[in-house]
Amino acid sequence: MIKGWLKIILAVLFTLLVVFFWEKLKNITSWGEKHTETTHNILIQKITTMGNLELVKYSFKDIVEQKIVQDFLPDPKAILIVQGEAVGCIDLRKINASDISEKNDTLIVQLPKAEICYHKIDHSKSRIYDTEYAFMNESLLLDEAYKKAEEKILSSALESGILDQTQKNAELILKPFIENISGKKVILKFQLEGNLQKLK
């Protein structure tokens with residue numbers, strides 16, 4: 001019985017994800033009067049099984065000042081305006097039959113702990129505001145500044161409670177959804193601690 005509920009829940013969640021991406025695809029598709037033909041020769045390099053249900057996204061803007069301290073020459077400095085994001089999710093692949101129990105008219109579902117499925121800089125919205133005395137050191141300055149900015153996005157997301165918000169959104173989205181398809185009252189439970197590391 002429990003395995004049956006698990007299959008139904010995962011199947012419906014997968015269907016929702018497919019519909020979501022299909023609607024996104026339709027929204028960005030436009031039709032014009034001109035006709036173009038393009039030929040591609042593409043090879044699949046890697047196939048990855050996706051099971052992350054994204055539940056919250058935090059957007060960040062950071063002004064980063066990076067400099068190289070030198071003993072005798074002026075310190076090369078760069079100022080960047082960086083925008084980025086961090087996304088909280090739960091990994092549906094970690095749900096198995098033992099995580100779902102049934103008691104009278106209630107389903108108890110043990111969900112995986114909340115995780116940051118990715119954090120990144122949006123380079124299309126980030127820019128270099130100013131550089132001083134950079135010359136030969138500009139590439140090193142910018143690389144280090146972007147690296148520090150990406151680390152700050154992760155730490156800021158965690159400090160801002162992104163994992164707690166991910167769990168709250170799972171309650172808001174998944175609980176009524178599972179109740180509708182099962183016809184039962186649903187109790188969602190989570191592991192006590194969130195994973196503070198980015199998913200591999």
# chains A, B, ... in the order shown; residues from 1 in each chain; ligands from 1
$ closest_atom_pairs --of "stretch 72-113 of chain A" --to "stretch 151-165 of chain A" --cutoff "9 Å" --atoms "only C-alpha atoms" --output "tab-separated table"
residue	atom	partner	partner_atom	distance
A:Gly84	CA	A:Ile153	CA	7.0
A:Glu85	CA	A:Ile153	CA	7.0
A:Ala86	CA	A:Ala157	CA	6.6
A:Val87	CA	A:Ile162	CA	8.1
A:Gly88	CA	A:Ile162	CA	6.4
A:Cys89	CA	A:Leu163	CA	8.3
A:Lys113	CA	A:Leu163	CA	8.6
$ write_last_selection --atoms "N, CA and C atoms" --output "mmCIF file, in the first residue's frame"
data_model
loop_
_atom_site.group_PDB
_atom_site.id
_atom_site.type_symbol
_atom_site.label_atom_id
_atom_site.label_comp_id
_atom_site.auth_asym_id
_atom_site.auth_seq_id
_atom_site.Cartn_x
_atom_site.Cartn_y
_atom_site.Cartn_z
ATOM 1 N N GLY A 84 23.391 37.763 -8.114
ATOM 2 C CA GLY A 84 23.390 36.305 -8.134
ATOM 3 C C GLY A 84 22.169 35.758 -7.429
ATOM 4 N N GLU A 85 22.123 34.440 -7.318
ATOM 5 C CA GLU A 85 20.958 33.792 -6.717
ATOM 6 C C GLU A 85 21.348 32.482 -6.052
ATOM 7 N N ALA A 86 20.517 32.077 -5.111
ATOM 8 C CA ALA A 86 20.650 30.772 -4.462
ATOM 9 C C ALA A 86 19.265 30.136 -4.431
ATOM 10 N N VAL A 87 19.200 28.841 -4.695
ATOM 11 C CA VAL A 87 17.922 28.146 -4.798
ATOM 12 C C VAL A 87 17.875 26.990 -3.798
ATOM 13 N N GLY A 88 16.787 26.965 -3.015
ATOM 14 C CA GLY A 88 16.573 25.886 -2.051
ATOM 15 C C GLY A 88 15.657 24.825 -2.639
ATOM 16 N N CYS A 89 15.946 23.572 -2.324
ATOM 17 C CA CYS A 89 15.153 22.479 -2.891
ATOM 18 C C CYS A 89 15.163 21.276 -1.955
ATOM 19 N N LYS A 113 15.878 16.288 3.890
ATOM 20 C CA LYS A 113 16.217 17.595 4.438
ATOM 21 C C LYS A 113 16.397 18.624 3.313
#
$ closest_atom_pairs --of "stretch 77-189 of chain A" --to "stretch 60-72 of chain A" --cutoff "12 Å" --atoms "only C-alpha atoms" --output "JSON lines"
{"residue": "A:Lys77", "atom": "CA", "partner": "A:Lys67", "partner_atom": "CA", "distance": 4.2}
{"residue": "A:Ala78", "atom": "CA", "partner": "A:Gln66", "partner_atom": "CA", "distance": 5.3}
{"residue": "A:Ile79", "atom": "CA", "partner": "A:Glu65", "partner_atom": "CA", "distance": 4.5}
{"residue": "A:Leu80", "atom": "CA", "partner": "A:Val64", "partner_atom": "CA", "distance": 5.1}
{"residue": "A:Ile81", "atom": "CA", "partner": "A:Ile63", "partner_atom": "CA", "distance": 4.6}
{"residue": "A:Val82", "atom": "CA", "partner": "A:Asp62", "partner_atom": "CA", "distance": 5.1}
{"residue": "A:Gln83", "atom": "CA", "partner": "A:Lys61", "partner_atom": "CA", "distance": 4.4}
{"residue": "A:Gly84", "atom": "CA", "partner": "A:Phe60", "partner_atom": "CA", "distance": 5.2}
{"residue": "A:Glu85", "atom": "CA", "partner": "A:Phe60", "partner_atom": "CA", "distance": 5.8}
{"residue": "A:Ala86", "atom": "CA", "partner": "A:Phe60", "partner_atom": "CA", "distance": 8.2}
{"residue": "A:Val87", "atom": "CA", "partner": "A:Phe60", "partner_atom": "CA", "distance": 11.4}
{"residue": "A:His119", "atom": "CA", "partner": "A:Phe60", "partner_atom": "CA", "distance": 10.4}
{"residue": "A:Lys120", "atom": "CA", "partner": "A:Phe60", "partner_atom": "CA", "distance": 10.0}
{"residue": "A:Ile121", "atom": "CA", "partner": "A:Phe60", "partner_atom": "CA", "distance": 9.0}
{"residue": "A:Asp122", "atom": "CA", "partner": "A:Phe60", "partner_atom": "CA", "distance": 9.7}
{"residue": "A:His123", "atom": "CA", "partner": "A:Lys61", "partner_atom": "CA", "distance": 11.7}
{"residue": "A:Lys125", "atom": "CA", "partner": "A:Lys61", "partner_atom": "CA", "distance": 9.6}
{"residue": "A:Ser126", "atom": "CA", "partner": "A:Lys61", "partner_atom": "CA", "distance": 8.8}
{"residue": "A:Arg127", "atom": "CA", "partner": "A:Ile63", "partner_atom": "CA", "distance": 9.9}
{"residue": "A:Ile128", "atom": "CA", "partner": "A:Val64", "partner_atom": "CA", "distance": 9.5}
{"residue": "A:Tyr129", "atom": "CA", "partner": "A:Ile63", "partner_atom": "CA", "distance": 9.0}
{"residue": "A:Asp130", "atom": "CA", "partner": "A:Glu65", "partner_atom": "CA", "distance": 9.4}
{"residue": "A:Thr131", "atom": "CA", "partner": "A:Gln66", "partner_atom": "CA", "distance": 9.4}
{"residue": "A:Glu132", "atom": "CA", "partner": "A:Lys67", "partner_atom": "CA", "distance": 9.1}
{"residue": "A:Tyr133", "atom": "CA", "partner": "A:Lys67", "partner_atom": "CA", "distance": 9.7}
{"residue": "A:Ala134", "atom": "CA", "partner": "A:Lys67", "partner_atom": "CA", "distance": 9.0}
{"residue": "A:Met136", "atom": "CA", "partner": "A:Ile68", "partner_atom": "CA", "distance": 11.8}
{"residue": "A:Asn137", "atom": "CA", "partner": "A:Ile68", "partner_atom": "CA", "distance": 8.5}
{"residue": "A:Glu138", "atom": "CA", "partner": "A:Lys67", "partner_atom": "CA", "distance": 9.9}
{"residue": "A:Ser139", "atom": "CA", "partner": "A:Gln66", "partner_atom": "CA", "distance": 11.7}
{"residue": "A:Leu140", "atom": "CA", "partner": "A:Ile68", "partner_atom": "CA", "distance": 9.2}
{"residue": "A:Leu141", "atom": "CA", "partner": "A:Gln66", "partner_atom": "CA", "distance": 6.4}
{"residue": "A:Leu142", "atom": "CA", "partner": "A:Gln66", "partner_atom": "CA", "distance": 7.8}
{"residue": "A:Asp143", "atom": "CA", "partner": "A:Gln66", "partner_atom": "CA", "distance": 9.8}
{"residue": "A:Glu144", "atom": "CA", "partner": "A:Gln66", "partner_atom": "CA", "distance": 7.5}
{"residue": "A:Ala145", "atom": "CA", "partner": "A:Gln66", "partner_atom": "CA", "distance": 5.6}
{"residue": "A:Tyr146", "atom": "CA", "partner": "A:Val64", "partner_atom": "CA", "distance": 8.3}
{"residue": "A:Lys147", "atom": "CA", "partner": "A:Val64", "partner_atom": "CA", "distance": 10.5}
{"residue": "A:Lys148", "atom": "CA", "partner": "A:Val64", "partner_atom": "CA", "distance": 8.4}
{"residue": "A:Ala149", "atom": "CA", "partner": "A:Val64", "partner_atom": "CA", "distance": 6.9}
{"residue": "A:Glu150", "atom": "CA", "partner": "A:Asp62", "partner_atom": "CA", "distance": 9.9}
{"residue": "A:Glu151", "atom": "CA", "partner": "A:Asp62", "partner_atom": "CA", "distance": 11.5}
{"residue": "A:Lys152", "atom": "CA", "partner": "A:Asp62", "partner_atom": "CA", "distance": 8.7}
{"residue": "A:Ile153", "atom": "CA", "partner": "A:Phe60", "partner_atom": "CA", "distance": 6.9}
{"residue": "A:Leu154", "atom": "CA", "partner": "A:Phe60", "partner_atom": "CA", "distance": 10.1}
{"residue": "A:Ser155", "atom": "CA", "partner": "A:Phe60", "partner_atom": "CA", "distance": 11.5}
{"residue": "A:Ser156", "atom": "CA", "partner": "A:Phe60", "partner_atom": "CA", "distance": 8.7}
{"residue": "A:Ala157", "atom": "CA", "partner": "A:Phe60", "partner_atom": "CA", "distance": 8.8}
{"residue": "A:Ser160", "atom": "CA", "partner": "A:Phe60", "partner_atom": "CA", "distance": 11.2}
$ write_last_selection --atoms "N, CA and C atoms" --output "tab-separated table (two decimals), in the first residue's frame"
chain	number	residue	atom	x	y	z
A	77	LYS	N	43.19	47.59	-7.51
A	77	LYS	CA	41.87	47.47	-6.91
A	77	LYS	C	40.80	47.39	-7.99
A	78	ALA	N	39.76	46.60	-7.72
A	78	ALA	CA	38.61	46.50	-8.62
A	78	ALA	C	37.33	46.55	-7.79
A	79	ILE	N	36.33	47.27	-8.29
A	79	ILE	CA	35.02	47.34	-7.66
A	79	ILE	C	33.99	46.77	-8.63
A	80	LEU	N	33.25	45.78	-8.18
A	80	LEU	CA	32.27	45.11	-9.02
A	80	LEU	C	30.88	45.21	-8.40
A	81	ILE	N	29.88	45.31	-9.24
A	81	ILE	CA	28.49	45.19	-8.80
A	81	ILE	C	28.00	43.83	-9.29
A	82	VAL	N	27.78	42.94	-8.34
A	82	VAL	CA	27.50	41.53	-8.66
A	82	VAL	C	26.08	41.17	-8.27
A	83	GLN	N	25.39	40.49	-9.16
A	83	GLN	CA	24.06	39.95	-8.86
A	83	GLN	C	24.11	38.43	-8.99
A	84	GLY	N	23.39	37.76	-8.11
A	84	GLY	CA	23.39	36.31	-8.13
A	84	GLY	C	22.17	35.76	-7.43
A	85	GLU	N	22.12	34.44	-7.32
A	85	GLU	CA	20.96	33.79	-6.72
A	85	GLU	C	21.35	32.48	-6.05
A	86	ALA	N	20.52	32.08	-5.11
A	86	ALA	CA	20.65	30.77	-4.46
A	86	ALA	C	19.27	30.14	-4.43
A	87	VAL	N	19.20	28.84	-4.69
A	87	VAL	CA	17.92	28.15	-4.80
A	87	VAL	C	17.88	26.99	-3.80
A	119	HIS	N	23.92	27.68	-6.18
A	119	HIS	CA	24.06	29.13	-6.00
A	119	HIS	C	25.04	29.60	-7.07
A	120	LYS	N	24.78	30.77	-7.65
A	120	LYS	CA	25.61	31.21	-8.76
A	120	LYS	C	25.52	32.72	-8.94
A	121	ILE	N	26.48	33.24	-9.70
A	121	ILE	CA	26.49	34.64	-10.10
A	121	ILE	C	25.83	34.76	-11.47
A	122	ASP	N	25.00	35.77	-11.63
A	122	ASP	CA	24.41	36.07	-12.93
A	122	ASP	C	25.33	37.08	-13.62
A	123	HIS	N	26.20	36.57	-14.49
A	123	HIS	CA	27.19	37.45	-15.12
A	123	HIS	C	26.55	38.44	-16.08
A	125	LYS	N	24.01	40.20	-15.50
A	125	LYS	CA	23.53	41.34	-14.73
A	125	LYS	C	24.60	41.95	-13.83
A	126	SER	N	25.80	41.38	-13.87
A	126	SER	CA	26.91	41.88	-13.07
A	126	SER	C	27.82	42.72	-13.95
A	127	ARG	N	28.52	43.67	-13.32
A	127	ARG	CA	29.40	44.52	-14.12
A	127	ARG	C	30.57	45.04	-13.28
A	128	ILE	N	31.61	45.44	-13.99
A	128	ILE	CA	32.78	46.04	-13.35
A	128	ILE	C	32.50	47.53	-13.20
A	129	TYR	N	32.51	48.02	-11.99
A	129	TYR	CA	32.23	49.44	-11.74
A	129	TYR	C	33.48	50.30	-11.93
A	130	ASP	N	34.61	49.80	-11.45
A	130	ASP	CA	35.83	50.61	-11.55
A	130	ASP	C	37.04	49.73	-11.27
A	131	THR	N	38.16	50.11	-11.85
A	131	THR	CA	39.44	49.46	-11.52
A	131	THR	C	40.50	50.54	-11.35
A	132	GLU	N	41.46	50.28	-10.48
A	132	GLU	CA	42.57	51.20	-10.26
A	132	GLU	C	43.87	50.41	-10.19
A	133	TYR	N	44.87	50.91	-10.91
A	133	TYR	CA	46.20	50.32	-10.91
A	133	TYR	C	46.17	48.82	-11.24
A	134	ALA	N	45.20	48.39	-12.02
A	134	ALA	CA	45.05	46.97	-12.30
A	134	ALA	C	46.13	46.47	-13.26
A	136	MET	N	48.37	44.59	-15.30
A	136	MET	CA	48.60	43.16	-15.50
A	136	MET	C	47.81	42.30	-14.51
A	137	ASN	N	47.29	42.90	-13.45
A	137	ASN	CA	46.62	42.12	-12.40
A	137	ASN	C	45.10	42.08	-12.56
A	138	GLU	N	44.57	42.65	-13.61
A	138	GLU	CA	43.11	42.77	-13.73
A	138	GLU	C	42.41	41.42	-13.75
A	139	SER	N	42.93	40.47	-14.50
A	139	SER	CA	42.30	39.15	-14.59
A	139	SER	C	42.26	38.47	-13.22
A	140	LEU	N	43.39	38.52	-12.48
A	140	LEU	CA	43.46	37.93	-11.14
A	140	LEU	C	42.48	38.61	-10.20
A	141	LEU	N	42.40	39.93	-10.27
A	141	LEU	CA	41.49	40.69	-9.42
A	141	LEU	C	40.04	40.28	-9.65
A	142	LEU	N	39.63	40.22	-10.91
A	142	LEU	CA	38.24	39.92	-11.24
A	142	LEU	C	37.88	38.49	-10.88
A	143	ASP	N	38.78	37.56	-11.19
A	143	ASP	CA	38.50	36.14	-10.86
A	143	ASP	C	38.31	35.96	-9.37
A	144	GLU	N	39.18	36.59	-8.59
A	144	GLU	CA	39.09	36.44	-7.14
A	144	GLU	C	37.84	37.14	-6.60
A	145	ALA	N	37.50	38.29	-7.18
A	145	ALA	CA	36.32	39.02	-6.73
A	145	ALA	C	35.05	38.22	-6.99
A	146	TYR	N	34.93	37.61	-8.17
A	146	TYR	CA	33.75	36.79	-8.48
A	146	TYR	C	33.69	35.55	-7.60
A	147	LYS	N	34.86	34.97	-7.31
A	147	LYS	CA	34.90	33.80	-6.44
A	147	LYS	C	34.40	34.15	-5.04
A	148	LYS	N	34.88	35.27	-4.50
A	148	LYS	CA	34.45	35.69	-3.16
A	148	LYS	C	32.97	36.05	-3.14
A	149	ALA	N	32.50	36.66	-4.23
A	149	ALA	CA	31.09	37.03	-4.31
A	149	ALA	C	30.20	35.79	-4.31
A	150	GLU	N	30.63	34.73	-5.02
A	150	GLU	CA	29.85	33.50	-5.05
A	150	GLU	C	29.81	32.83	-3.68
A	151	GLU	N	30.94	32.86	-2.97
A	151	GLU	CA	30.98	32.32	-1.61
A	151	GLU	C	30.06	33.11	-0.68
A	152	LYS	N	30.02	34.43	-0.88
A	152	LYS	CA	29.18	35.29	-0.04
A	152	LYS	C	27.70	35.03	-0.30
A	153	ILE	N	27.34	34.74	-1.54
A	153	ILE	CA	25.94	34.41	-1.86
A	153	ILE	C	25.50	33.19	-1.06
A	154	LEU	N	26.35	32.16	-1.03
A	154	LEU	CA	26.01	30.94	-0.29
A	154	LEU	C	25.86	31.22	1.19
A	155	SER	N	26.84	31.91	1.79
A	155	SER	CA	26.78	32.16	3.23
A	155	SER	C	25.61	33.08	3.58
A	156	SER	N	25.33	34.07	2.73
A	156	SER	CA	24.21	34.98	3.00
A	156	SER	C	22.88	34.26	2.91
A	157	ALA	N	22.76	33.34	1.95
A	157	ALA	CA	21.51	32.57	1.81
A	157	ALA	C	21.26	31.73	3.05
A	160	SER	N	20.29	33.88	5.95
A	160	SER	CA	18.96	34.46	5.78
A	160	SER	C	17.85	33.43	5.96
$ residues_around --residues "stretch 168-174 of chain A" --least-positions-apart "6" --cutoff "8 Å" --atoms "only C-alpha atoms" --output "list in words"
Leu55, Val56 and Leu188 of chain A
$ residues_around --residues "A:Ile95" --least-positions-apart "5" --cutoff "8 Å" --atoms "only C-alpha atoms" --output "compact mmCIF listing (two decimals) with N, CA and C atoms, in the first residue's frame"
# COMPACT_ATOMS: atom_id res chain seq x y z
N GLN A 110 7.87 11.40 5.34
CA GLN A 110 9.18 11.90 5.79
C GLN A 110 9.92 12.43 4.57
N LEU A 111 10.08 13.75 4.49
CA LEU A 111 10.76 14.36 3.35
C LEU A 111 12.25 14.49 3.61
N PRO A 112 13.05 14.47 2.54
CA PRO A 112 14.49 14.70 2.72
C PRO A 112 14.74 16.10 3.27
